[in-house]
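Trainee: Input structure: final.csv, which contains CSV, C-alpha atoms.
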chain,number,residue,atom,x,y,z
A,52,MET,CA,-38.7,-4.1,-35.6
A,53,LYS,CA,-39.3,-5.9,-32.3
A,54,ILE,CA,-36.1,-5.8,-30.3
A,55,ALA,CA,-35.1,-7.5,-27.0
A,56,VAL,CA,-32.2,-6.2,-24.9
A,57,ILE,CA,-30.4,-8.5,-22.4
A,58,GLY,CA,-27.5,-7.7,-20.1
A,59,ALA,CA,-28.2,-4.2,-19.0
A,60,LYS,CA,-29.0,-4.0,-15.3
A,61,GLY,CA,-32.0,-1.6,-15.9
A,62,LEU,CA,-33.2,1.8,-16.8
A,63,PRO,CA,-33.0,4.7,-16.0
A,64,ALA,CA,-29.2,4.5,-16.0
A,65,GLN,CA,-27.7,5.0,-12.5
A,66,GLN,CA,-24.1,3.7,-12.8
A,67,GLY,CA,-22.4,1.7,-15.5
A,68,GLY,CA,-21.4,2.2,-19.2
A,69,ILE,CA,-23.8,-0.5,-20.5
A,70,GLU,CA,-26.8,1.1,-18.8
A,71,GLN,CA,-25.8,4.5,-20.2
A,72,HIS,CA,-25.4,3.0,-23.7
A,73,CYS,CA,-28.8,1.4,-23.5
A,74,ALA,CA,-30.5,4.5,-22.1
A,75,GLU,CA,-29.3,6.5,-25.2
A,76,ILE,CA,-29.7,4.0,-28.0
A,77,CYS,CA,-32.8,2.1,-26.9
A,78,ALA,CA,-34.7,5.4,-26.3
A,79,ARG,CA,-33.8,6.5,-29.8
A,80,MET,CA,-34.9,3.2,-31.3
A,81,ALA,CA,-38.3,3.5,-29.5
A,82,ALA,CA,-38.7,7.1,-30.6
A,83,TRP,CA,-38.1,6.0,-34.2
A,84,GLY,CA,-40.9,3.5,-34.2
A,85,HIS,CA,-39.3,0.3,-33.0
A,86,GLU,CA,-40.7,-1.9,-30.1
A,87,VAL,CA,-37.9,-2.3,-27.5
A,88,ASP,CA,-38.1,-4.6,-24.5
A,89,LEU,CA,-35.2,-4.4,-22.0
A,90,PHE,CA,-34.9,-7.1,-19.3
A,91,ALA,CA,-33.8,-5.6,-15.9
A,92,ARG,CA,-32.7,-6.8,-12.5
A,93,PRO,CA,-34.7,-6.0,-9.3
A,94,SER,CA,-31.4,-5.2,-7.4
A,95,TYR,CA,-30.8,-2.3,-9.8
A,96,ASN,CA,-34.3,-1.1,-10.5
A,97,GLY,CA,-35.7,-1.6,-7.0
A,98,THR,CA,-38.9,-3.0,-8.4
A,99,SER,CA,-40.6,-6.4,-7.9
A,100,TRP,CA,-40.3,-9.4,-10.1
A,101,PHE,CA,-42.1,-9.2,-13.4
A,102,HIS,CA,-42.8,-5.5,-13.0
A,103,HIS,CA,-43.2,-3.6,-16.2
A,104,ASP,CA,-42.3,0.0,-16.6
A,105,ILE,CA,-41.9,2.4,-19.6
A,106,TYR,CA,-38.7,4.5,-19.9
A,107,HIS,CA,-38.8,6.9,-22.9
A,108,GLY,CA,-40.8,4.4,-24.9
A,109,VAL,CA,-38.7,1.4,-23.8
A,110,ARG,CA,-40.6,-1.4,-22.0
A,111,VAL,CA,-38.4,-2.3,-19.0
A,112,ILE,CA,-39.3,-5.8,-17.7
A,113,THR,CA,-37.8,-6.8,-14.3
A,114,LEU,CA,-37.0,-10.5,-14.0
A,115,PRO,CA,-36.1,-12.6,-10.9
A,116,SER,CA,-32.5,-12.7,-9.8
A,117,LEU,CA,-30.5,-13.3,-6.7
A,118,PRO,CA,-28.5,-10.4,-5.1
A,119,LEU,CA,-25.2,-12.4,-5.2
A,120,ARG,CA,-22.1,-11.3,-7.0
A,121,GLY,CA,-21.9,-13.0,-10.4
A,122,ILE,CA,-25.0,-15.1,-9.8
A,123,ASP,CA,-27.3,-12.1,-10.2
A,124,ALA,CA,-26.2,-11.3,-13.8
A,125,PHE,CA,-26.0,-14.9,-15.0
A,126,LEU,CA,-29.5,-15.9,-13.7
A,127,ASN,CA,-31.1,-12.8,-14.9
A,128,SER,CA,-29.6,-13.2,-18.4
A,129,ALA,CA,-30.6,-16.8,-18.6
A,130,LEU,CA,-34.2,-16.0,-17.7
A,131,ALA,CA,-34.2,-13.1,-20.2
A,132,ALA,CA,-33.0,-15.4,-23.0
A,133,ILE,CA,-35.8,-17.9,-22.2
A,134,MET,CA,-38.3,-15.0,-22.2
A,135,THR,CA,-37.4,-14.2,-25.8
A,136,LEU,CA,-38.9,-17.5,-26.8
A,137,ARG,CA,-42.4,-16.3,-25.8
A,138,ARG,CA,-42.5,-13.4,-28.2
A,139,PRO,CA,-41.3,-13.2,-31.9
A,140,TYR,CA,-38.5,-10.7,-31.6
A,141,ASP,CA,-36.7,-9.7,-34.8
A,142,VAL,CA,-33.4,-9.0,-33.0
A,143,VAL,CA,-32.1,-9.9,-29.6
A,144,PHE,CA,-29.1,-8.0,-28.2
A,145,PHE,CA,-26.8,-9.5,-25.6
A,146,HIS,CA,-24.7,-6.8,-23.9
A,147,ALA,CA,-21.4,-8.0,-22.4
A,148,LEU,CA,-19.7,-11.4,-22.4
A,149,GLY,CA,-21.5,-12.9,-19.4
A,150,PRO,CA,-25.0,-12.5,-20.8
A,151,SER,CA,-23.7,-13.7,-24.2
A,152,LEU,CA,-23.3,-17.1,-22.6
A,153,PHE,CA,-27.0,-17.6,-23.3
A,154,SER,CA,-27.0,-16.2,-26.8
A,155,TRP,CA,-27.5,-19.8,-28.1
A,156,ILE,CA,-31.0,-20.0,-26.7
A,157,PRO,CA,-32.9,-17.6,-29.1
A,158,LYS,CA,-30.4,-18.6,-31.9
A,159,LEU,CA,-31.3,-22.3,-31.6
A,160,VAL,CA,-35.0,-22.1,-31.0
A,161,THR,CA,-36.2,-18.9,-32.8
A,162,THR,CA,-35.7,-17.1,-36.1
A,163,SER,CA,-34.5,-14.0,-34.2
A,164,LYS,CA,-31.2,-12.5,-35.2
A,165,VAL,CA,-28.7,-12.4,-32.3
A,166,ILE,CA,-26.2,-9.6,-31.8
A,167,SER,CA,-23.6,-9.7,-29.0
A,168,VAL,CA,-22.3,-6.3,-27.9
A,169,CYS,CA,-18.8,-6.5,-26.4
A,170,HIS,CA,-18.0,-3.4,-24.2
A,171,GLY,CA,-14.8,-5.0,-22.8
A,172,LEU,CA,-13.1,-8.2,-22.0
A,173,ASP,CA,-14.9,-8.7,-18.6
A,174,TRP,CA,-12.9,-11.9,-17.7
A,175,GLN,CA,-9.9,-9.7,-17.2
A,176,ARG,CA,-11.5,-7.7,-14.4
A,177,ALA,CA,-9.9,-8.3,-11.0
A,178,LYS,CA,-13.2,-8.6,-9.1
A,179,TRP,CA,-14.1,-11.9,-10.7
A,180,GLY,CA,-13.0,-15.2,-9.2
A,181,ARG,CA,-11.8,-18.2,-11.1
A,182,PHE,CA,-15.2,-19.7,-11.8
A,183,SER,CA,-16.8,-16.4,-12.9
A,184,SER,CA,-13.8,-15.6,-15.2
A,185,LEU,CA,-14.2,-19.1,-16.7
A,186,MET,CA,-17.9,-18.4,-17.4
A,187,LEU,CA,-17.1,-15.0,-18.9
A,188,ARG,CA,-14.6,-16.7,-21.3
A,189,LEU,CA,-17.2,-19.2,-22.2
A,190,GLY,CA,-19.6,-16.4,-22.9
A,191,GLU,CA,-17.1,-14.8,-25.2
A,192,LYS,CA,-16.6,-18.1,-27.1
A,193,THR,CA,-20.4,-18.6,-27.3
A,194,ALA,CA,-20.8,-15.1,-28.8
A,195,ALA,CA,-18.0,-15.8,-31.3
A,196,HIS,CA,-19.7,-19.0,-32.5
A,197,CYS,CA,-23.4,-18.3,-32.1
A,198,ALA,CA,-24.1,-14.6,-32.6
A,199,ASP,CA,-25.1,-13.4,-36.1
A,200,ASP,CA,-22.9,-10.4,-35.5
A,201,ILE,CA,-20.7,-9.0,-32.8
A,202,ILE,CA,-20.6,-5.2,-32.1
A,203,VAL,CA,-17.3,-4.0,-30.5
A,204,VAL,CA,-16.9,-0.5,-29.1
A,205,SER,CA,-13.2,-0.1,-29.9
A,206,HIS,CA,-10.6,-1.0,-32.5
A,207,ALA,CA,-8.6,-2.9,-29.9
A,208,LEU,CA,-11.6,-5.2,-29.3
A,209,GLN,CA,-12.0,-5.6,-33.0
A,210,SER,CA,-8.4,-6.8,-33.4
A,211,TYR,CA,-8.8,-9.1,-30.4
A,212,PHE,CA,-11.8,-11.0,-31.9
A,213,SER,CA,-10.0,-11.2,-35.2
A,214,GLN,CA,-6.9,-12.7,-33.7
A,215,ALA,CA,-8.5,-14.8,-30.9
A,216,HIS,CA,-11.5,-16.2,-32.8
A,217,ALA,CA,-10.9,-15.4,-36.4
A,218,ARG,CA,-14.2,-13.6,-36.1
A,219,GLU,CA,-15.4,-10.7,-38.2
A,220,THR,CA,-17.0,-8.0,-36.0
A,221,THR,CA,-18.7,-4.6,-36.5
A,222,TYR,CA,-17.1,-1.6,-34.9
A,223,ILE,CA,-19.6,0.9,-33.5
A,224,PRO,CA,-18.3,3.0,-30.6
A,225,ASN,CA,-20.2,4.5,-27.7
A,226,ALA,CA,-20.7,8.3,-27.3
A,227,PRO,CA,-20.6,10.6,-24.4
A,228,ALA,CA,-23.7,11.6,-22.4
A,229,LYS,CA,-24.8,15.2,-22.1
A,230,TYR,CA,-24.3,16.6,-18.6
A,231,ALA,CA,-26.9,18.6,-16.9
A,232,ASP,CA,-26.7,22.3,-16.4
A,233,SER,CA,-24.4,23.2,-13.5
A,234,ASP,CA,-23.8,26.1,-11.1
A,235,PRO,CA,-21.4,28.6,-12.7
A,236,ASN,CA,-20.5,29.8,-9.2
A,237,PHE,CA,-19.1,26.4,-8.3
A,238,ALA,CA,-20.9,26.4,-4.9
A,239,TYR,CA,-21.0,22.6,-4.5
A,240,GLY,CA,-17.3,22.3,-5.4
A,241,GLN,CA,-16.5,25.0,-2.8
A,242,SER,CA,-18.5,23.1,-0.2
A,243,LEU,CA,-16.1,20.2,-0.7
A,244,GLY,CA,-13.1,22.5,-0.3
A,245,LEU,CA,-12.2,22.6,-4.0
A,246,THR,CA,-11.0,25.4,-6.2
A,247,ALA,CA,-12.1,25.3,-9.8
A,248,ASN,CA,-9.4,24.2,-12.2
A,249,LYS,CA,-7.1,23.2,-9.4
A,250,TYR,CA,-7.9,19.5,-8.9
A,251,VAL,CA,-7.3,16.2,-10.7
A,252,LEU,CA,-10.4,14.2,-11.2
A,253,PHE,CA,-10.8,10.4,-11.2
A,254,LEU,CA,-14.4,9.5,-12.3
A,255,GLY,CA,-15.5,5.9,-12.4
A,256,ARG,CA,-16.0,2.7,-10.5
A,257,ILE,CA,-13.5,2.3,-7.7
A,258,VAL,CA,-12.1,-1.0,-8.9
A,259,PRO,CA,-8.6,-2.5,-9.2
A,260,GLU,CA,-8.5,-2.5,-13.0
A,261,LYS,CA,-9.0,1.2,-13.2
A,262,CYS,CA,-5.9,1.7,-11.0
A,263,PRO,CA,-7.1,4.6,-8.7
A,264,ASP,CA,-4.5,3.4,-6.2
A,265,LEU,CA,-1.7,4.1,-8.7
A,266,LEU,CA,-3.1,7.6,-9.2
A,267,LEU,CA,-3.3,8.2,-5.5
A,268,GLU,CA,0.3,7.1,-4.9
A,269,ALA,CA,1.5,9.3,-7.8
A,270,PHE,CA,-0.3,12.3,-6.5
A,271,SER,CA,0.9,11.7,-3.0
A,272,LYS,CA,4.5,11.5,-4.1
A,273,LEU,CA,4.3,14.5,-6.3
A,274,GLN,CA,2.2,16.7,-3.9
A,275,PRO,CA,1.6,19.5,-6.4
A,276,ALA,CA,1.2,22.8,-4.6
A,277,GLY,CA,-2.4,24.1,-4.5
A,278,TRP,CA,-3.9,21.1,-6.2
A,279,LYS,CA,-6.2,18.4,-4.9
A,280,LEU,CA,-7.2,14.9,-6.0
A,281,VAL,CA,-10.9,14.0,-6.3
A,282,PHE,CA,-12.3,10.5,-6.6
A,283,VAL,CA,-15.9,10.4,-7.8
A,284,GLY,CA,-17.6,7.0,-8.0
A,285,GLY,CA,-18.6,4.0,-6.0
A,286,GLY,CA,-17.4,0.4,-5.9
A,287,SER,CA,-18.7,-2.5,-8.0
A,288,ASP,CA,-18.5,-5.6,-5.8
A,289,THR,CA,-15.2,-4.3,-4.6
A,290,GLU,CA,-16.0,-2.7,-1.3
A,291,GLU,CA,-12.8,-4.0,0.4
A,292,PHE,CA,-10.6,-2.4,-2.3
A,293,SER,CA,-12.6,0.9,-2.1
A,294,THR,CA,-12.4,1.0,1.7
A,295,ASP,CA,-8.7,0.3,1.7
A,296,LEU,CA,-8.1,3.2,-0.8
A,297,GLN,CA,-10.0,5.6,1.4
A,298,LYS,CA,-8.0,4.5,4.5
A,299,ARG,CA,-4.8,5.3,2.6
A,300,ALA,CA,-6.0,8.9,2.3
A,301,THR,CA,-7.1,9.3,5.9
A,302,GLY,CA,-6.1,12.7,7.2
A,303,ARG,CA,-5.2,14.1,3.8
A,304,MET,CA,-6.9,17.4,3.1
A,305,ASP,CA,-5.8,17.3,-0.5
A,306,ILE,CA,-7.6,14.1,-1.3
A,307,VAL,CA,-11.4,14.0,-1.6
A,308,PHE,CA,-13.8,11.1,-2.0
A,309,THR,CA,-17.3,12.2,-3.0
A,310,GLY,CA,-18.9,8.9,-3.6
A,311,GLN,CA,-21.3,8.5,-6.6
A,312,LEU,CA,-22.6,11.8,-8.0
A,313,LYS,CA,-25.4,12.5,-10.4
A,314,GLY,CA,-27.0,15.4,-12.3
A,315,LYS,CA,-25.9,19.0,-11.6
A,316,PHE,CA,-23.4,18.0,-8.9
A,317,LEU,CA,-21.6,15.6,-11.2
A,318,ALA,CA,-21.6,18.1,-14.0
A,319,GLU,CA,-20.2,20.8,-11.7
A,320,ILE,CA,-17.3,18.7,-10.5
A,321,VAL,CA,-16.4,17.5,-14.0
A,322,ARG,CA,-16.5,21.0,-15.5
A,323,GLY,CA,-14.5,22.5,-12.6
A,324,SER,CA,-11.7,20.0,-12.9
A,325,GLY,CA,-8.3,21.0,-14.1
A,326,LEU,CA,-7.3,17.6,-15.3
A,327,PHE,CA,-9.2,14.3,-15.8
A,328,ALA,CA,-7.2,11.2,-15.1
A,329,LEU,CA,-7.9,7.6,-16.0
A,330,PRO,CA,-4.9,5.3,-15.2
A,331,SER,CA,-6.8,2.0,-16.1
A,332,ASP,CA,-5.1,-1.2,-17.1
A,333,LEU,CA,-8.4,-2.4,-18.7
A,334,GLU,CA,-11.2,-0.5,-20.6
A,335,GLY,CA,-13.7,-1.2,-23.3
A,336,LEU,CA,-14.4,2.3,-24.4
A,337,PRO,CA,-14.5,4.6,-21.3
A,338,LEU,CA,-17.6,6.8,-21.4
A,339,ALA,CA,-16.3,9.0,-18.5
A,340,MET,CA,-13.3,9.9,-20.6
A,341,LEU,CA,-15.5,10.6,-23.7
A,342,GLU,CA,-17.7,12.9,-21.5
A,343,ALA,CA,-14.6,14.8,-20.1
A,344,MET,CA,-13.3,15.2,-23.6
A,345,ARG,CA,-16.7,16.5,-24.8
A,346,GLU,CA,-16.6,19.1,-22.0
A,347,GLY,CA,-13.2,20.3,-23.0
A,348,ILE,CA,-11.4,18.9,-19.9
A,349,PRO,CA,-7.7,18.0,-20.4
A,350,VAL,CA,-7.1,14.3,-20.1
A,351,LEU,CA,-4.2,12.2,-18.6
A,352,ALA,CA,-4.5,8.5,-19.2
A,353,SER,CA,-2.6,5.2,-19.3
A,354,ASP,CA,-1.3,4.2,-22.7
A,355,ILE,CA,-3.6,1.1,-23.2
A,356,LEU,CA,-4.8,0.7,-26.8
A,357,VAL,CA,-8.2,2.2,-26.4
A,358,HIS,CA,-6.8,5.3,-24.7
A,359,GLN,CA,-4.3,5.7,-27.6
A,360,GLN,CA,-7.2,5.4,-30.0
A,361,LEU,CA,-9.1,8.2,-28.2
A,362,LEU,CA,-6.2,10.6,-27.4
A,363,GLY,CA,-3.8,10.0,-30.3
A,364,ARG,CA,-0.7,12.2,-30.1
A,365,ASP,CA,-2.3,15.6,-29.7
A,366,ARG,CA,-5.5,15.1,-27.7
A,367,GLY,CA,-4.2,14.3,-24.3
A,368,VAL,CA,-1.3,13.0,-22.2
A,369,LEU,CA,-0.4,9.3,-22.0
A,370,PHE,CA,1.8,7.5,-19.5
A,371,LYS,CA,3.0,3.9,-19.4
A,372,ALA,CA,0.3,1.7,-17.9
A,373,GLY,CA,1.0,0.5,-14.4
A,374,ASP,CA,4.2,2.5,-14.2
A,375,LEU,CA,4.3,4.7,-11.1
A,376,GLU,CA,7.3,6.8,-12.2
A,377,SER,CA,5.8,7.4,-15.7
A,378,CYS,CA,2.5,8.4,-14.1
A,379,ILE,CA,4.3,10.9,-11.7
A,380,GLU,CA,6.2,12.4,-14.6
A,381,ALA,CA,3.1,12.8,-16.8
A,382,LEU,CA,1.1,14.2,-13.9
A,383,ASP,CA,3.8,16.8,-13.1
A,384,TRP,CA,4.1,17.8,-16.8
A,385,SER,CA,0.4,18.2,-17.2
A,386,ILE,CA,0.0,20.4,-14.1
A,387,ASN,CA,2.8,22.7,-15.2
A,388,HIS,CA,1.9,23.0,-18.9
A,389,SER,CA,-1.6,24.4,-18.9
A,390,GLY,CA,-1.3,26.1,-22.3
A,391,ASN,CA,-0.3,22.8,-24.0
A,392,LEU,CA,-3.2,21.0,-22.2
A,393,ALA,CA,-5.7,23.6,-23.3
A,394,GLU,CA,-4.7,23.0,-27.0
A,395,MET,CA,-5.0,19.3,-26.5
A,396,ALA,CA,-8.4,19.6,-24.8
A,397,HIS,CA,-9.7,21.7,-27.7
A,398,ALA,CA,-8.5,19.1,-30.2
A,399,ALA,CA,-10.1,16.3,-28.2
A,400,GLN,CA,-13.4,18.2,-28.0
A,401,LYS,CA,-13.5,18.6,-31.8
A,402,HIS,CA,-12.6,14.9,-32.2
A,403,ILE,CA,-15.5,13.8,-30.0
A,404,GLN,CA,-18.0,16.0,-31.7
A,405,ARG,CA,-16.9,14.7,-35.1
A,406,HIS,CA,-16.8,11.0,-34.4
A,407,TYR,CA,-18.9,10.1,-31.4
A,408,ASP,CA,-22.6,10.9,-31.8
A,409,TRP,CA,-25.5,8.9,-30.4
A,410,ASP,CA,-27.8,9.6,-33.4
A,411,GLY,CA,-25.2,8.2,-35.7
A,412,ILE,CA,-24.5,5.2,-33.5
A,413,THR,CA,-28.1,4.3,-33.4
A,414,ILE,CA,-28.4,4.6,-37.1
A,415,GLU,CA,-25.4,2.3,-37.6
A,416,THR,CA,-26.9,-0.2,-35.1
A,417,LEU,CA,-30.2,-0.2,-36.9
A,418,ASN,CA,-28.5,-0.5,-40.3
A,419,LEU,CA,-26.8,-3.7,-38.9
A,420,CYS,CA,-30.1,-5.1,-37.8
A,421,PHE,CA,-31.8,-4.4,-41.1
A,422,ALA,CA,-28.8,-6.0,-43.0
A,423,LEU,CA,-29.1,-9.2,-40.9
A,424,LEU,CA,-32.8,-9.3,-41.5
A,425,GLY,CA,-32.3,-8.8,-45.2
A,426,SER,CA,-34.6,-5.8,-45.3
A,427,SER,CA,-34.3,-2.0,-45.7
A,428,PRO,CA,-35.0,0.7,-43.2
A,429,ASP,CA,-38.4,2.4,-43.3
A,430,VAL,CA,-37.5,5.7,-45.0
A,431,SER,CA,-40.5,7.4,-43.3
A,432,LEU,CA,-38.8,7.1,-39.9
A,433,PRO,CA,-36.7,10.1,-38.9
A,434,ILE,CA,-33.4,8.2,-38.6
A,435,ILE,CA,-31.2,11.1,-39.7
A,436,SER,CA,-28.4,12.5,-37.7
A,437,THR,CA,-28.8,16.0,-36.3
A,438,GLN,CA,-25.4,16.8,-37.7
A,439,GLY,CA,-26.5,15.6,-41.2
A,440,LYS,CA,-23.7,13.0,-41.4
A,441,LYS,CA,-23.7,9.7,-43.4
A,442,TYR,CA,-22.8,6.6,-41.4
A,443,PHE,CA,-21.2,3.4,-42.6
A,444,ARG,CA,-20.5,0.1,-40.8
A,445,HIS,CA,-16.8,-0.7,-40.4
A,446,ARG,CA,-16.0,-4.4,-40.6
A,447,MET,CA,-12.8,-6.3,-40.1
Could you rewrite the structure in this file as C-alpha cells?
Mentor:
Amino acid sequence: MKIAVIGAKGLPAQQGGIEQHCAEICARMAAWGHEVDLFARPSYNGTSWFHHDIYHGVRVITLPSLPLRGIDAFLNSALAAIMTLRRPYDVVFFHALGPSLFSWIPKLVTTSKVISVCHGLDWQRAKWGRFSSLMLRLGEKTAAHCADDIIVVSHALQSYFSQAHARETTYIPNAPAKYADSDPNFAYGQSLGLTANKYVLFLGRIVPEKCPDLLLEAFSKLQPAGWKLVFVGGGSDTEEFSTDLQKRATGRMDIVFTGQLKGKFLAEIVRGSGLFALPSDLEGLPLAMLEAMREGIPVLASDILVHQQLLGRDRGVLFKAGDLESCIEALDWSINHSGNLAEMAHAAQKHIQRHYDWDGITIETLNLCFALLGSSPDVSLPIISTQGKKYFRHRM
C-alpha cells in the first residue's frame, strides 16, 4: 500500500503522543513493505521547506508552515492534504481533530481511503482560544462526516463519537514505548538531589488540562516526610502557565523541575520514581501512564474515564478529578501503603503486556486499511505479533 500520514509534527519523535504513535506504527508499516510518506513541520524537524528525509523506512517530507500557535498546524495540514492529490495514495491518515478539518480534500478529489485518528478531544484543551476551538470542533465534524473510518484510542472516545455523531468508530489503542537502558546506580537522579523510590513523578506537557498545579498544591499541603515531587516535561504553547507553576515552587527543595528529558536520563527518572501521578482533567490515551505501568511503577491518577479504563479497580489509585482534598487523601494513602501499591503495579504491568502491543496495533490498523480497500493482506509479509496473538477490530 501507499500510505500518507498527516497531522504529526515530524519524525523522529521528540515530544508528543501523536509523534510517538507515528514513530512506532509508521516504521513497522514501512518495514513490512508498505510505502509511507509523513508530512512534517519545519518548526519541529528543524529542516528546510520540502526537505525529504528517511526515518526507519518512512519518507518524511517537510512542508511550509508558520511558527504561530494554531496557524502552524492548520496550514501544514492543509498543504499536506493538497499534496496527496499529486500521488495516488491508497490510504491517507489524518491524526488529530485539527488536521481532520482537511480530510474532505483527498476524499472529494481522489479514490484514497481516508482514516481520521482521534487521540483526544483537542477543542477541550485550555491552551486554545475561541477561534481555534471552533476550528477543532469543525475538524471533528468533518471527520465524522467525511472519513471512511475513524480510529479512536480509548473506549471513552468511542462512546463520545457514538453519542455525539451517531458515528461508528474503530477502537485501536496506543501502546507504551520502550525506554532506553538506564544507570542502575541512579547517578543522574542523585545529581538532582533525588533518592530512588522516594519521589512522586509527573511526566508530560506542563499544560492546564493535565492539572500539574493541583498535584503541586496537594503535595505542598501534605508535605510527606522524605519525599519529593518531580516535574518532567516542557510546555506546549503554555509558557505563562509553566512559568507560573515554577514560581510557586521557588525556594522549595522538595520540588524539582527537570524540563524535558530523553533517552537514558528519562528512563532513569521514571524507573527510580516511587509513584507516577497524572491528575489530568483531559486525556486521549496517556502514553506516559502506559509507559510507567509497563515499567512496573505504581500509578495515582484522576478518575476520568480513560484512567478508569487503564487502572480499573486493582491496577492503581484513583481520586476525584479536580478535587484537591481527594487528591491529598489518595496521595497520602499511596505513600503509606507501599505493599498494596506494589501489588497494583504488578497487575498493571501484566495488563499492559497483555493488551497494549505495537505489533498488534499495527496489524489491526493495516487490517482496517485492507478492509476499506476491499483487499486482503499480503500473506508473505511478516505481519505477525512477536507474542503470537490474534488481533480483531472492535467496532461500536
Trainee: I want to know what sits within 12 Å of Ile105 of chain A, based on all atoms listed in the file, with residues of the same chain fewer than 5 positions away left out; could you give that as an NGL selection string?
Mentor: :A and (61-63 or 74 or 77-78 or 81 or 86-91 or 110-113)
Trainee: Write out, as a JSON list (two decimals), in the coordinates of the input, the residues just selected, with C-alpha atoms.
Mentor:
[["chain", "number", "residue", "atom", "x", "y", "z"],
["A", 61, "GLY", "CA", -32.00, -1.60, -15.90],
["A", 62, "LEU", "CA", -33.20, 1.80, -16.80],
["A", 63, "PRO", "CA", -33.00, 4.70, -16.00],
["A", 74, "ALA", "CA", -30.50, 4.50, -22.10],
["A", 77, "CYS", "CA", -32.80, 2.10, -26.90],
["A", 78, "ALA", "CA", -34.70, 5.40, -26.30],
["A", 81, "ALA", "CA", -38.30, 3.50, -29.50],
["A", 86, "GLU", "CA", -40.70, -1.90, -30.10],
["A", 87, "VAL", "CA", -37.90, -2.30, -27.50],
["A", 88, "ASP", "CA", -38.10, -4.60, -24.50],
["A", 89, "LEU", "CA", -35.20, -4.40, -22.00],
["A", 90, "PHE", "CA", -34.90, -7.10, -19.30],
["A", 91, "ALA", "CA", -33.80, -5.60, -15.90],
["A", 110, "ARG", "CA", -40.60, -1.40, -22.00],
["A", 111, "VAL", "CA", -38.40, -2.30, -19.00],
["A", 112, "ILE", "CA", -39.30, -5.80, -17.70],
["A", 113, "THR", "CA", -37.80, -6.80, -14.30]]
Trainee: Counting only C-alpha atoms, select every polymer residue within 7 Å of (-22.3, -13.1, -19.6) as defined in the file's coordinates, and provide the selection as a ChimeraX atom specification.
Mentor: /A:125,147-152,187,190
Trainee: Which residue, A:Arg366, A:Thr98, A:Gly180, A:Ala300, has the smallest gap to Arg120 of chain A when you use all atoms listed in the file?
Mentor: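 Counting all atoms listed in the file, the residue closest to Arg120 of chain A is A:Gly180.
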Trainee: Which is closest to Gly277 of chain A among A:Leu375, A:Ala247, A:Leu419, A:Ile57, if we use only C-alpha atoms?
Mentor: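 Of all the options, A:Ala247 lies closest to Gly277 of chain A.
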Trainee: Contacts of Asp141 of chain A at 7 Å or less, counting all atoms listed in the file, minus same-chain residues fewer than 6 places along, as a PyMOL selection string?
Mentor: chain A and resi 52-54+163-164
Trainee: What does the distance from atom CA of Ala215 of chain A to atom CA of Ile166 of chain A come to in Å, to one decimal?
Mentor: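 Spanning atom CA of Ala215 of chain A to atom CA of Ile166 of chain A is a straight-line distance of 18.5 Å.
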Trainee: Determine, counting only C-alpha atoms, which protein, DNA and RNA residues have an atom within 7 Å of an atom of segment 389-396 of chain A; residues of the same chain fewer than 3 positions away are not included. Present the result as a PyMOL selection string.
Mentor: chain A and resi 344+347-349+365-367+385-386+399-400
Trainee: Here is a test: counting only C-alpha atoms, which residue of A:Val258, A:Lys298, A:Leu117, A:Ala207 is nearest to Trp179 of chain A?
Mentor: A:Val258
Trainee: Which residues of segment 55-169 of chain A come within 9 Å of segment 321-338 of chain A, and for each one, what is the closest pair of atoms and their distance in Å to one decimal, counting only C-alpha atoms, sorted by chain and residue number, as a Markdown table?
Mentor:
| residue | atom | partner | partner_atom | distance |
| --- | --- | --- | --- | --- |
| A:Gly68 | CA | A:Leu338 | CA | 6.4 |
| A:Gln71 | CA | A:Leu338 | CA | 8.6 |
| A:His72 | CA | A:Leu338 | CA | 9.0 |
| A:Cys169 | CA | A:Gly335 | CA | 8.0 |
Trainee: Could you model N, CA and C atoms for segment 292-302 of chain A and present them as a compact mmCIF listing (two decimals), in the coordinates of the input?
Mentor:
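Result file follows (part.txt):
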# COMPACT_ATOMS: atom_id res chain seq x y z
N PHE A 292 -11.62 -3.16 -1.58
CA PHE A 292 -10.60 -2.40 -2.30
C PHE A 292 -10.93 -0.87 -2.11
N SER A 293 -12.20 -0.48 -2.25
CA SER A 293 -12.60 0.90 -2.10
C SER A 293 -12.33 1.43 -0.69
N THR A 294 -12.65 0.62 0.30
CA THR A 294 -12.40 1.00 1.70
C THR A 294 -10.95 1.18 1.98
N ASP A 295 -10.13 0.26 1.47
CA ASP A 295 -8.70 0.30 1.70
C ASP A 295 -8.11 1.61 1.05
N LEU A 296 -8.61 1.96 -0.13
CA LEU A 296 -8.10 3.20 -0.80
C LEU A 296 -8.43 4.41 0.02
N GLN A 297 -9.62 4.48 0.57
CA GLN A 297 -10.00 5.60 1.40
C GLN A 297 -9.16 5.68 2.69
N LYS A 298 -8.84 4.53 3.25
CA LYS A 298 -8.00 4.50 4.50
C LYS A 298 -6.63 5.06 4.18
N ARG A 299 -6.12 4.81 2.98
CA ARG A 299 -4.80 5.30 2.60
C ARG A 299 -4.78 6.83 2.51
N ALA A 300 -5.95 7.44 2.37
CA ALA A 300 -6.00 8.90 2.30
C ALA A 300 -6.51 9.55 3.57
N THR A 301 -6.61 8.75 4.63
CA THR A 301 -7.10 9.30 5.90
C THR A 301 -6.20 10.43 6.39
N GLY A 302 -6.84 11.54 6.75
CA GLY A 302 -6.10 12.70 7.20
C GLY A 302 -5.56 13.62 6.18
